[in-house]
Amino acid sequence: MSRHDNLLVELGTEELPPKALLTLSDAFAAGLDKQLRGAGFEFQALESYATPRRLALRVEHIAAEQPERVETRRGPALGAAFDASGAPTKAAQGFARSCGVEVSALGRLKSDEGEWLCFEQTVAGRRLFDVLPDMVNQALAGLPIPKRMRWGAHTAEFVRPAHWVVMLYGSEVIAGEVLGLKADRVTHGHRFMHGAPIALAHADDYVASLATPGYVIAPFAARRERVRALIEMTAQAEGGTAVIDEALLDEVTALVEWPVPICGSFDAHFLELPGEVLIASMQGHQKYFPIRDAHGGLRNRFITLANLESAAPEAIRSGNERVIRPRLSDADFFYRADRAKRLDSRLAGLDSMMYEKRLGSLGDKTRRIVSLAATLASACGADSALAGRAAELSRCDLLSDLVGEFPELQGTMGSYYAAADGEAGEVSVAIGEFYQPRFSGDAIPATEVGRAVALADKLDSLVGIFGIGSAPTGDRDPFALRRAAIGLLRIIIESDIALDLRDAIDFSLATYAGVKLAPDTAEQVYGFVRERLRGYYLERGTPNDVCTAVFANDPGSPAEVARRLTAVSSFRALPAAAALAAANKRIANILKKLDTPPAAVIDDTLLADAAERELAARYAALAPQAEQLFNAREYTRYMELLASLREPVDAFFDGVMVMCDDAALRANRLALLARLHALFTRVADIARLHDA
């Protein structure tokens, strides 16, 4: 049996790009995993480590060598390998020589395509020690690095200069070179707190030896949680709670190997600025974590993470306080300069900002959104004039100094400036909401006016970009249309807005007067959004057959789709659902074969069989109630009502011959089935359930 042990691979470098560290680590792990599995090496698990100065992998219980394998070489076809007397031809003899055997030692390979000579041999597996260096080099070569660099006299290239390599199999060093460096068992701890090299006795010693005495927390996830805990404890000690942005938490974790929190302060008068401005400045420029008080307001305190235990933490604190002061002063200056002008005074400037050359300027886009928001306002329960005004001012803050400095504050600053200018409260709030949802999991606009503007903005982008032939392809989506479509759907569904997608798209197209769009723009946009809608529910666990049943009817309103999916999901769980789905499929197949449509009226005098009389009576009694429930959009109760037809439907198909010889009876029975089919497919095509 092959030996198994744990493998450690570490590459030590200069400080790696913090925003790319996790991506590099994940890609390194995926690359080596692919190499090892592709070569047939057995192992139990692969764990990655990433710090500012290292990428490392630990492969658990990996085999020391590949398993033996049987290789089969195919030779000439039998017809070409032997002559009429059965003697081997030159083709057969040449193939045998190339394999190092006599023709008589060759085997036969048969398939549907024919029969050939073949040679089989057992090949011993290669040793991990022999192949690992090349595998590591290939994994590193495959990392997503936009621009590689060289260093010193080395010809190797990497994102940063590399200084050491560790490759240990258990306690043994795997000899070889990675990026021109010879592998060893020596790693290095913290650059300042432990300058001495650390010799690893075994691959399993890596994490513990780096932590003590190395002052390095190697696992990224563990270090991240340590950073979070330190920030939270420091904020609590200050009597507040920390504002922790997850992306910033990742970035700071990628900047430190031994995190140490330091709390600093800034002048209290800066608290007069909007909180979002202070947060953007502290997080974006300085990588600080702001602190809120018990009431949710910001305190004039912040937390930063040092990468060492300093003998003079006051010096670090003072340095950070000295740096944040001019940053906040700049923000204060920009804010006051912006406030000196009304927000609507910037409207004309939007005409000089290009949105898309074929679709015009941001001014053109704004005018389209004004018209569309006013049209959509009634469906959202909003005032059309307020929706139009909010849309008109929605992008004016793009011309403000603060948004120029902090682009992530677009919308937010427009809301503040509109309120300061005395705009209606609904208008200023909507300006701050209309970009929502900005990302997966973000909230949708909370106000009716905000929803109207947000829907208008997303529809305009979808219709315009599709109309000029720039729809998303593959993983390319430069205009973020997938996000726009999901945002559009979430607003409609979560707010229960009675809006048909086809109508909304037509409203948007009407605002593009004078702009040449593709003639099939409406169909393209509708299909794209509908596909996102189906995916939205599949990702949330709605069964595929339920989605298929509802979408078969193609309801145009996403809110309507939501109600029908809920109803059909409940119906699907009923005992009668499978039998009724199968019966409805049977009915559909019968009706599909007819040359002419069934009669519109059921003739009671032609109901000859007891089972068909019972089914017709139950249908007649149930149909008016079903109609009321459907019109009231009480779809769950509608589907429950259908379930009560299981027994008479089963009895009908068990005892009645639909396609009988009597033409009048046959036509009447088909009319009854047609009425039932219409009833069963009104909310959804239940024949699609349970793969019926």
# chains A, B, ... in the order shown; residues from 1 in each chain; ligands from 1
$ closest_atom_pairs --of "segment 270-385 of chain A" --to "segment 465-488 of chain A" --cutoff "9 Å" --atoms "only C-alpha atoms" --output "tab-separated table"
residue	atom	partner	partner_atom	distance
A:Glu356	CA	A:Ile465	CA	8.8
A:Arg358	CA	A:Ile468	CA	7.4
A:Leu359	CA	A:Ile468	CA	8.2
$ closest_residue --among "A:Ala382, A:Ala632, A:Ile590, A:Leu607" --to "Leu670 of chain A" --atoms "only C-alpha atoms"
A:Ile590
$ closest_atom_pairs --of "segment 298-401 of chain A" --to "segment 254-267 of chain A" --cutoff "7 Å" --atoms "only C-alpha atoms" --output "CSV"
residue,atom,partner,partner_atom,distance
A:Asn300,CA,A:Phe266,CA,5.4
A:Arg301,CA,A:Ser265,CA,4.2
A:Phe302,CA,A:Gly264,CA,5.4
A:Ile303,CA,A:Cys263,CA,4.5
A:Thr304,CA,A:Ile262,CA,5.4
A:Leu305,CA,A:Pro261,CA,4.6
A:Ala306,CA,A:Val260,CA,5.0
A:Asn307,CA,A:Val256,CA,4.9
A:Leu308,CA,A:Trp258,CA,5.8
A:Glu309,CA,A:Val260,CA,6.3
A:Arg317,CA,A:Gly264,CA,5.6
A:Glu321,CA,A:Gly264,CA,6.1
A:Arg325,CA,A:Phe266,CA,6.6
$ closest_residue --among "A:Ile492, A:His690, A:Ile369, A:Asn584" --to "Asp545 of chain A" --atoms "only C-alpha atoms"
A:His690
$ residues_around --residues "Leu57 of chain A" --least-positions-apart "6" --cutoff "7 Å" --atoms "only C-alpha atoms" --output "PyMOL selection string"
chain A and resi 8-10+29+46-49
$ write_last_selection --atoms "C-alpha atoms" --output "compact mmCIF listing (two decimals), in the first residue's frame"
# COMPACT_ATOMS: atom_id res chain seq x y z
CA LEU A 8 2.90 21.56 2.99
CA VAL A 9 3.68 24.04 0.23
CA GLU A 10 4.49 27.65 1.08
CA ALA A 29 -5.57 26.12 -4.07
CA LEU A 46 -6.71 20.70 0.86
CA GLU A 47 -6.50 23.78 3.11
CA SER A 48 -5.16 27.18 2.09
CA TYR A 49 -3.38 29.87 4.09
$ residues_around --residues "segment 243-253 of chain A" --least-positions-apart "3" --cutoff "7 Å" --atoms "only C-alpha atoms" --output "list of chain:residue names"
A:Pro18, A:Lys19, A:Arg223, A:Arg224, A:Val227, A:Val256, A:Lys287, A:Phe289, A:Pro290, A:Ile291, A:Arg292
$ select_by_dssp --residues "segment 348-415 of chain A" --states "strand (DSSP E or B)" --output "ChimeraX atom specification"
/A:354-356,360-361
$ residues_around --residues "Ala418 of chain A" --least-positions-apart "4" --cutoff "12 Å" --atoms "only C-alpha atoms" --output "MDAnalysis selection string"
chainID A and resid 338:339 341:346 389:390 392:397 411:414 422:432
$ write_last_selection --atoms "N, CA and C atoms" --output "short mmCIF file (atom, residue, chain, number, x, y, z; two decimals), in the first residue's frame"
data_model
loop_
_atom_site.label_atom_id
_atom_site.label_comp_id
_atom_site.auth_asym_id
_atom_site.auth_seq_id
_atom_site.Cartn_x
_atom_site.Cartn_y
_atom_site.Cartn_z
N ASP A 338 -20.32 72.38 -2.03
CA ASP A 338 -21.49 71.82 -2.71
C ASP A 338 -22.78 72.49 -2.24
N ARG A 339 -22.85 72.74 -0.94
CA ARG A 339 -24.06 73.33 -0.37
C ARG A 339 -24.27 74.77 -0.83
N LYS A 341 -24.41 75.78 -3.75
CA LYS A 341 -25.20 75.78 -4.98
C LYS A 341 -26.40 74.87 -4.80
N ARG A 342 -27.52 75.25 -5.37
CA ARG A 342 -28.68 74.38 -5.34
C ARG A 342 -28.43 73.14 -6.20
N LEU A 343 -29.05 72.05 -5.80
CA LEU A 343 -28.85 70.81 -6.54
C LEU A 343 -29.36 70.94 -7.97
N ASP A 344 -30.52 71.59 -8.15
CA ASP A 344 -31.08 71.68 -9.49
C ASP A 344 -30.29 72.60 -10.41
N SER A 345 -29.38 73.39 -9.85
CA SER A 345 -28.54 74.24 -10.70
C SER A 345 -27.54 73.41 -11.50
N ARG A 346 -27.38 72.15 -11.12
CA ARG A 346 -26.44 71.26 -11.82
C ARG A 346 -27.10 70.49 -12.96
N ARG A 389 -40.09 64.78 -10.22
CA ARG A 389 -39.09 65.70 -9.66
C ARG A 389 -37.91 64.93 -9.09
N ALA A 390 -38.18 63.84 -8.40
CA ALA A 390 -37.08 63.03 -7.85
C ALA A 390 -36.22 62.48 -8.97
N GLU A 392 -35.81 63.83 -11.89
CA GLU A 392 -35.10 64.95 -12.50
C GLU A 392 -33.82 65.29 -11.74
N LEU A 393 -33.87 65.21 -10.41
CA LEU A 393 -32.71 65.57 -9.58
C LEU A 393 -31.82 64.37 -9.26
N SER A 394 -32.21 63.18 -9.71
CA SER A 394 -31.57 61.96 -9.22
C SER A 394 -30.07 61.90 -9.47
N ARG A 395 -29.60 62.46 -10.58
CA ARG A 395 -28.18 62.34 -10.92
C ARG A 395 -27.41 63.65 -10.81
N CYS A 396 -28.05 64.67 -10.29
CA CYS A 396 -27.37 65.97 -10.21
C CYS A 396 -26.15 65.93 -9.30
N ASP A 397 -26.17 65.06 -8.29
CA ASP A 397 -25.03 65.05 -7.36
C ASP A 397 -23.77 64.46 -8.00
N GLY A 411 -26.18 59.59 -4.98
CA GLY A 411 -27.52 59.33 -4.47
C GLY A 411 -27.63 59.78 -3.03
N THR A 412 -26.70 59.34 -2.19
CA THR A 412 -26.73 59.73 -0.78
C THR A 412 -26.57 61.24 -0.63
N MET A 413 -25.57 61.81 -1.31
CA MET A 413 -25.35 63.24 -1.17
C MET A 413 -26.46 64.03 -1.86
N GLY A 414 -26.98 63.49 -2.97
CA GLY A 414 -28.11 64.16 -3.61
C GLY A 414 -29.29 64.28 -2.68
N GLY A 422 -34.75 72.43 0.38
CA GLY A 422 -36.17 72.57 0.66
C GLY A 422 -37.06 71.75 -0.25
N GLU A 423 -36.50 70.76 -0.96
CA GLU A 423 -37.34 69.88 -1.78
C GLU A 423 -38.26 69.07 -0.87
N ALA A 424 -39.35 68.58 -1.43
CA ALA A 424 -40.28 67.75 -0.65
C ALA A 424 -39.55 66.56 -0.06
N GLY A 425 -39.98 66.16 1.12
CA GLY A 425 -39.33 65.05 1.80
C GLY A 425 -39.31 63.78 0.97
N GLU A 426 -40.45 63.50 0.28
CA GLU A 426 -40.51 62.30 -0.56
C GLU A 426 -39.48 62.34 -1.68
N VAL A 427 -39.20 63.54 -2.18
CA VAL A 427 -38.23 63.70 -3.27
C VAL A 427 -36.81 63.44 -2.77
N SER A 428 -36.45 64.08 -1.66
CA SER A 428 -35.08 63.91 -1.15
C SER A 428 -34.81 62.47 -0.74
N VAL A 429 -35.78 61.83 -0.12
CA VAL A 429 -35.59 60.43 0.28
C VAL A 429 -35.44 59.55 -0.95
N ALA A 430 -36.27 59.78 -1.97
CA ALA A 430 -36.22 58.96 -3.18
C ALA A 430 -34.88 59.07 -3.89
N ILE A 431 -34.28 60.26 -3.87
CA ILE A 431 -32.97 60.44 -4.50
C ILE A 431 -31.93 59.54 -3.83
N GLY A 432 -32.06 59.38 -2.53
CA GLY A 432 -31.12 58.52 -1.81
C GLY A 432 -31.41 57.04 -1.97
#
$ atom_distance --atom1 "atom CA of Ala573 of chain A" --atom2 "atom CA of Lys585 of chain A"
18.1 Å
$ closest_residue --among "A:Val403, A:Pro274, A:Thr366, A:Ala124" --to "Gly388 of chain A" --atoms "only C-alpha atoms"
A:Thr366
$ residues_around --residues "Ala608 of chain A" --least-positions-apart "4" --cutoff "12 Å" --atoms "only C-alpha atoms" --output "ChimeraX atom specification"
/A:603-604,612-616,652,655-658,660,662,664-666,668-669
$ residues_around --residues "segment 136-146 of chain A" --least-positions-apart "2" --cutoff "6 Å" --atoms "only C-alpha atoms" --output "VMD selection string"
chain A and resid 27 to 28 31 to 32 133 to 134 178
$ write_last_selection --atoms "N, CA and C atoms" --output "compact mmCIF listing (two decimals), in the first residue's frame"
# COMPACT_ATOMS: atom_id res chain seq x y z
N ALA A 27 -7.23 30.78 -6.01
CA ALA A 27 -6.80 30.29 -7.31
C ALA A 27 -5.61 29.33 -7.18
N PHE A 28 -4.70 29.60 -6.25
CA PHE A 28 -3.57 28.72 -6.01
C PHE A 28 -4.07 27.36 -5.52
N GLY A 31 -5.76 25.57 -8.40
CA GLY A 31 -4.80 25.12 -9.40
C GLY A 31 -4.06 23.87 -8.97
N LEU A 32 -3.56 23.84 -7.71
CA LEU A 32 -2.84 22.65 -7.26
C LEU A 32 -3.79 21.47 -7.07
N PRO A 133 7.21 19.83 -7.78
CA PRO A 133 7.72 21.17 -8.14
C PRO A 133 7.10 21.70 -9.43
N ASP A 134 6.99 20.87 -10.45
CA ASP A 134 6.37 21.33 -11.71
C ASP A 134 4.91 21.68 -11.50
N VAL A 178 10.95 26.30 -7.25
CA VAL A 178 9.70 27.00 -7.55
C VAL A 178 10.04 28.47 -7.74
$ closest_residue --among "A:Phe119, A:Leu672, A:Lys34, A:Asp112" --to "Thr72 of chain A" --atoms "only C-alpha atoms"
A:Phe119
$ select_by_dssp --residues "segment 225-366 of chain A" --states "helix (DSSP H, G or I)" --output "VMD selection string"
chain A and resid 225 to 237 246 to 253 268 to 272 275 to 286 313 to 339 343 to 352 362 to 366
$ closest_residue --among "A:Ala559, A:Val277, A:Leu673, A:Ala237" --to "Ile602 of chain A" --atoms "only C-alpha atoms"
A:Leu673
$ closest_residue --among "A:Ser371, A:Thr187, A:Ser361, A:Thr681" --to "Thr511 of chain A" --atoms "only C-alpha atoms"
A:Ser371
$ atom_distance --atom1 "atom CA of Ser400 of chain A" --atom2 "atom CA of Gly441 of chain A"
28.3 Å
